[in-house]
Amino acid sequence: GDGRVKVLVQGLAKASIDGFVDHERGIWAQVSQIPEDDETDWSVEAESVVRSVRGRVEELLPLKNLPPEVLSITANVHEPGRLADLVASNLKLRINEAQEILEAIDPIARLRKIDSLLRRELDVTTMQAEIQSQAKEEISRGQREHYLREQLRAIQAELGEVDQRVEELVEYREQLEEAGLPPEAYEESMRQLNRLERMHPDGPEAQVVRSYLEWITDLPWSKTSPDRLDLGNARAILDEDHAHLDAIKEPILEVLGVRKLREDSRGSILCFTGPPGVGKTSLGRSIARAMGREFVRISLGGVRDEAEVRGHRRTYVGALPGRIIQGLKQAGTRNPVFVLDEIDKLGADYRGDPSSALLEVLDPEQNCRFSDHYLNVPFDLSSVFFVATANLIDQVPGPLRDRMEVIRVPGYTPEEKVEITRSYLIPRQVEEAGLPQDRISWSDPAVRSIVTDYTFEAGVRELERKVGSICRKAARRAAEGDLTTLRVNRRTLDKYLGAPRHAADDVSDKPQIGVANGLAWTEACLLYTSDAADD
């Protein structure tokens, strides 16, 4: 019907080419006809090869879906050469294999070649059938599960019950719509949600996707807390929480003033450095209270894995986002006061350098697109008020130190410690001991003696422990039934705290023979020493 011509060609006899002849109509050849196979006498070898070929043809029939007439045809052929030609004409042979069979003159040898080719074809067909059977079994199992699932959904709809999986997907979709995600994060989240919809609900990969979607929906992408930038109120809060430290409070108020004038101002990143116990971490908490923001603190001491900052890839078992993203989830807003405590205690090993990962976090020009390995989408950290603390600023790497405004927090003088003890430490420790404020009477000489004779530090942590020790003794007396007021003075101080641990050396301002006065400075305190000269 389409104008093509089909030609059926049938070979009549075998021939060998003796030479080629040039001809205007094409390539001609001189050939010599090969005599047809003579009838082979019956032999054990010929009969065994014929039966082997028939057996393999019988095995191939169901695998190749061949008609059963093929078996009857081969059963009626007894000559080895004719049987070999008949089977070879129905095999898919390569050119070189077909040529080898044509060139085989001996019928037994030709039939042996056919037997070896049949064996190979049988192995290939058997393997192909096994693969198809496994694939068909997997498809059948999947179709059966899908059919049963559809039946279950129809039954639940008939009974008025809700499919939990469908309800879960709808809930995730609603949460993603309400989360206020940026376009890039929204596209990635919807792509993961579509993957979850196609997965088996009980598979391990489905649980990974669920965990990812839960983190995405729980993060405060668009939730912010309004700033309270009243400088007078901020000054009152700082004075209420910390005595003295006027040189520290001024830069804080300056930063708050700039933020009040420019709402889009990212400001500088503060780093409080100083000896332990002087109130560096509590300054961050006071800043959060003064601004009306949430407060988040993470300790970086001993952190050696970069993934602690940037998170793990989702391909790892038990992967989680880094501490920065976890802190924002804990805060519930995208603009908390974030304290990076002990930033000088960071380390580096084969798992990476966390201080290098913090370079992006503490750079206002880059952290607007902070990339956590777990989320794999950028998160805006430009609204976060970062505050870092360190004991020794020299241990902080130079590039990281360059991104922060370093504010040195000095230690307290004895007079300042006495005031702090009266105003802050004693009321707090008495309250923690469960006592009324008038249960303990503190004399001024006793308080000063605790400061100078029982502690020797730049901060007030050990001083607070000494005050707490006396309060606990008073609490024990009250628990035993003695409700009298505990009087703490210079005479009774040895009874409560033992003998003084530090004796102050009187340093003379007049020159003395054989005595040299020395002055030493450390991060903890100033040391005055008087040593006798050798001569």
# chains A, B, ... in the order shown; residues from 1 in each chain; ligands from 1
>>> closest_atom_pairs(of="region 51-136 of chain A", to="region 24-39 of chain A", cutoff="10 Å", atoms="only C-alpha atoms", output="Markdown table")
| residue | atom | partner | partner_atom | distance |
| --- | --- | --- | --- | --- |
| A:His78 | CA | A:Glu39 | CA | 9.6 |
| A:Glu79 | CA | A:Glu39 | CA | 6.8 |
| A:Pro80 | CA | A:Glu39 | CA | 8.9 |
| A:Gly81 | CA | A:Asp37 | CA | 6.6 |
| A:Arg82 | CA | A:Asp37 | CA | 8.1 |
| A:Ile105 | CA | A:Asp37 | CA | 8.1 |
| A:Asp106 | CA | A:Asp37 | CA | 8.0 |
| A:Pro107 | CA | A:Asp37 | CA | 7.0 |
>>> closest_residue(among="A:Val488, A:Asn194, A:Ile269, A:Arg461", to="Ser441 (chain A)", atoms="only C-alpha atoms")
A:Val488
>>> residues_around(residues="region 287-291 of chain A", least_positions_apart="3", cutoff="10 Å", atoms="only C-alpha atoms", output="ChimeraX atom specification")
/A:225-238,249,252-253,256,282-284,294-296,336-339,385,387
>>> write_last_selection(atoms="N, CA, C and O atoms", output="CSV table (one decimal), in the first residue's frame")
chain,number,residue,atom,x,y,z
A,225,SER,N,10.4,40.3,67.1
A,225,SER,CA,9.9,40.9,68.3
A,225,SER,C,10.2,42.4,68.2
A,225,SER,O,11.2,42.8,67.8
A,226,PRO,N,9.2,43.3,68.6
A,226,PRO,CA,9.4,44.7,68.5
A,226,PRO,C,10.5,45.2,69.4
A,226,PRO,O,10.5,44.8,70.6
A,227,ASP,N,11.4,46.1,68.9
A,227,ASP,CA,12.4,46.6,69.8
A,227,ASP,C,11.9,47.7,70.7
A,227,ASP,O,11.1,48.5,70.3
A,228,ARG,N,12.4,47.7,71.9
A,228,ARG,CA,12.1,48.8,72.9
A,228,ARG,C,13.4,49.5,73.1
A,228,ARG,O,14.2,49.2,73.9
A,229,LEU,N,13.5,50.6,72.3
A,229,LEU,CA,14.8,51.4,72.3
A,229,LEU,C,14.6,52.7,73.1
A,229,LEU,O,14.9,53.8,72.6
A,230,ASP,N,14.3,52.6,74.4
A,230,ASP,CA,14.2,53.7,75.3
A,230,ASP,C,15.6,53.7,76.0
A,230,ASP,O,15.8,52.9,76.9
A,231,LEU,N,16.4,54.7,75.7
A,231,LEU,CA,17.7,54.7,76.3
A,231,LEU,C,17.7,54.9,77.8
A,231,LEU,O,18.6,54.4,78.5
A,232,GLY,N,16.8,55.7,78.3
A,232,GLY,CA,16.7,55.9,79.7
A,232,GLY,C,16.3,54.6,80.4
A,232,GLY,O,16.9,54.3,81.5
A,233,ASN,N,15.4,53.9,79.9
A,233,ASN,CA,15.0,52.6,80.5
A,233,ASN,C,16.1,51.6,80.3
A,233,ASN,O,16.4,50.8,81.3
A,234,ALA,N,16.9,51.6,79.2
A,234,ALA,CA,18.0,50.7,79.0
A,234,ALA,C,19.1,51.0,80.0
A,234,ALA,O,19.7,50.1,80.6
A,235,ARG,N,19.4,52.3,80.3
A,235,ARG,CA,20.4,52.7,81.3
A,235,ARG,C,19.9,52.2,82.7
A,235,ARG,O,20.8,51.6,83.5
A,236,ALA,N,18.6,52.3,83.0
A,236,ALA,CA,18.2,51.9,84.3
A,236,ALA,C,18.3,50.3,84.5
A,236,ALA,O,18.7,49.8,85.5
A,237,ILE,N,18.0,49.6,83.4
A,237,ILE,CA,18.1,48.1,83.5
A,237,ILE,C,19.6,47.7,83.6
A,237,ILE,O,19.9,46.8,84.4
A,238,LEU,N,20.5,48.4,82.9
A,238,LEU,CA,21.9,48.0,83.0
A,238,LEU,C,22.4,48.4,84.4
A,238,LEU,O,23.2,47.6,85.0
A,249,LYS,N,29.0,50.2,79.8
A,249,LYS,CA,27.6,50.5,79.5
A,249,LYS,C,27.5,51.6,78.4
A,249,LYS,O,26.5,51.6,77.6
A,252,ILE,N,27.4,50.2,74.9
A,252,ILE,CA,26.1,49.5,74.6
A,252,ILE,C,25.0,50.5,74.3
A,252,ILE,O,24.2,50.3,73.4
A,253,LEU,N,25.0,51.6,75.1
A,253,LEU,CA,23.9,52.6,74.9
A,253,LEU,C,24.1,53.3,73.6
A,253,LEU,O,23.2,53.7,72.9
A,256,LEU,N,22.6,51.1,70.9
A,256,LEU,CA,21.2,51.2,71.0
A,256,LEU,C,20.7,52.5,70.4
A,256,LEU,O,19.6,52.5,69.8
A,282,SER,N,26.2,37.9,81.6
A,282,SER,CA,25.0,38.6,82.1
A,282,SER,C,24.7,39.9,81.4
A,282,SER,O,23.6,40.4,81.4
A,283,LEU,N,25.8,40.6,80.9
A,283,LEU,CA,25.6,41.8,80.1
A,283,LEU,C,24.8,41.6,78.9
A,283,LEU,O,23.9,42.4,78.5
A,284,GLY,N,25.0,40.4,78.2
A,284,GLY,CA,24.2,40.1,77.1
A,284,GLY,C,22.7,39.9,77.4
A,284,GLY,O,21.8,40.3,76.7
A,294,GLU,N,14.3,38.4,72.7
A,294,GLU,CA,14.6,37.1,73.2
A,294,GLU,C,16.1,37.0,73.4
A,294,GLU,O,16.9,37.6,72.7
A,295,PHE,N,16.5,36.1,74.4
A,295,PHE,CA,17.9,35.9,74.7
A,295,PHE,C,18.3,34.5,74.4
A,295,PHE,O,17.6,33.5,74.8
A,296,VAL,N,19.3,34.3,73.7
A,296,VAL,CA,19.8,33.0,73.3
A,296,VAL,C,21.3,32.9,73.6
A,296,VAL,O,22.1,33.9,73.3
A,336,PRO,N,16.8,37.8,67.9
A,336,PRO,CA,17.1,37.8,69.3
A,336,PRO,C,18.5,38.4,69.6
A,336,PRO,O,19.3,38.7,68.7
A,337,VAL,N,18.8,38.5,70.9
A,337,VAL,CA,20.2,38.8,71.3
A,337,VAL,C,20.9,37.5,71.5
A,337,VAL,O,20.5,36.7,72.3
A,338,PHE,N,21.9,37.2,70.6
A,338,PHE,CA,22.5,35.9,70.5
A,338,PHE,C,23.9,36.0,71.1
A,338,PHE,O,24.8,36.7,70.6
A,339,VAL,N,24.2,35.4,72.3
A,339,VAL,CA,25.5,35.4,72.9
A,339,VAL,C,26.3,34.2,72.5
A,339,VAL,O,25.9,33.0,72.8
A,385,PHE,N,21.2,40.3,67.0
A,385,PHE,CA,22.2,41.1,67.7
A,385,PHE,C,23.2,40.1,68.4
A,385,PHE,O,22.9,39.5,69.4
A,387,VAL,N,26.5,39.0,70.3
A,387,VAL,CA,27.4,39.4,71.4
A,387,VAL,C,28.3,38.2,71.7
A,387,VAL,O,27.8,37.1,72.0
>>> atom_distance(atom1="CA of Ala206 (chain A)", atom2="CA of Leu219 (chain A)")
20.3 Å
>>> select_by_dssp(residues="region 189-299 of chain A", states="strand (DSSP E or B)", output="list in words")
Leu270, Cys271, Phe272, Thr273, Phe295, Val296, Arg297, Ile298 and Ser299 of chain A
>>> write_last_selection(atoms="N, CA, C and O atoms", output="mmCIF file, in the first residue's frame")
data_model
loop_
_atom_site.group_PDB
_atom_site.id
_atom_site.type_symbol
_atom_site.label_atom_id
_atom_site.label_comp_id
_atom_site.auth_asym_id
_atom_site.auth_seq_id
_atom_site.Cartn_x
_atom_site.Cartn_y
_atom_site.Cartn_z
ATOM 1 N N LEU A 270 29.446 43.137 69.202
ATOM 2 C CA LEU A 270 30.218 43.403 70.403
ATOM 3 C C LEU A 270 30.898 42.131 70.883
ATOM 4 O O LEU A 270 30.341 41.033 70.795
ATOM 5 N N CYS A 271 32.101 42.299 71.398
ATOM 6 C CA CYS A 271 32.841 41.192 72.009
ATOM 7 C C CYS A 271 33.365 41.664 73.355
ATOM 8 O O CYS A 271 34.223 42.546 73.422
ATOM 9 N N PHE A 272 32.827 41.112 74.437
ATOM 10 C CA PHE A 272 33.265 41.445 75.787
ATOM 11 C C PHE A 272 34.400 40.501 76.172
ATOM 12 O O PHE A 272 34.245 39.276 76.154
ATOM 13 N N THR A 273 35.530 41.065 76.509
ATOM 14 C CA THR A 273 36.676 40.260 76.913
ATOM 15 C C THR A 273 37.141 40.712 78.288
ATOM 16 O O THR A 273 37.164 41.919 78.596
ATOM 17 N N PHE A 295 16.474 36.123 74.380
ATOM 18 C CA PHE A 295 17.884 35.924 74.688
ATOM 19 C C PHE A 295 18.257 34.473 74.407
ATOM 20 O O PHE A 295 17.556 33.548 74.833
ATOM 21 N N VAL A 296 19.341 34.292 73.669
ATOM 22 C CA VAL A 296 19.846 32.951 73.343
ATOM 23 C C VAL A 296 21.332 32.927 73.647
ATOM 24 O O VAL A 296 22.060 33.871 73.314
ATOM 25 N N ARG A 297 21.767 31.858 74.280
ATOM 26 C CA ARG A 297 23.195 31.703 74.592
ATOM 27 C C ARG A 297 23.650 30.315 74.181
ATOM 28 O O ARG A 297 22.985 29.323 74.474
ATOM 29 N N ILE A 298 24.765 30.249 73.481
ATOM 30 C CA ILE A 298 25.399 28.968 73.176
ATOM 31 C C ILE A 298 26.848 29.042 73.634
ATOM 32 O O ILE A 298 27.499 30.085 73.533
ATOM 33 N N SER A 299 27.342 27.951 74.185
ATOM 34 C CA SER A 299 28.722 27.885 74.649
ATOM 35 C C SER A 299 29.578 27.240 73.574
ATOM 36 O O SER A 299 29.286 26.141 73.100
#
>>> residues_around(residues="Tyr496 (chain A)", least_positions_apart="3", cutoff="7 Å", atoms="only C-alpha atoms", output="VMD selection string")
chain A and resid 470 492 to 493
>>> closest_atom_pairs(of="region 171-249 of chain A", to="region 414-432 of chain A", cutoff="10 Å", atoms="only C-alpha atoms", output="Markdown table")
| residue | atom | partner | partner_atom | distance |
| --- | --- | --- | --- | --- |
| A:Glu240 | CA | A:Tyr424 | CA | 9.2 |
| A:Asp241 | CA | A:Tyr424 | CA | 8.4 |
| A:His242 | CA | A:Ile420 | CA | 8.3 |
| A:Ala243 | CA | A:Ile420 | CA | 6.4 |
| A:His244 | CA | A:Glu416 | CA | 7.4 |
| A:Leu245 | CA | A:Glu416 | CA | 9.8 |
>>> closest_residue(among="A:Gly257, A:Pro354, A:Gly498, A:Gly180", to="Glu306 (chain A)", atoms="only C-alpha atoms")
A:Pro354
>>> atom_distance(atom1="CA of Phe370 (chain A)", atom2="CA of Gln330 (chain A)")
17.7 Å
>>> closest_residue(among="A:Arg198, A:Arg112, A:His146, A:Lys92", to="Ala46 (chain A)", atoms="only C-alpha atoms")
A:Arg112
>>> atom_distance(atom1="CA of Leu193 (chain A)", atom2="CA of Glu171 (chain A)")
10.9 Å
>>> select_by_dssp(residues="region 146-227 of chain A", states="alpha helix (DSSP H)", output="PyMOL selection string")
chain A and resi 146-159+164-178+183-198+204-218
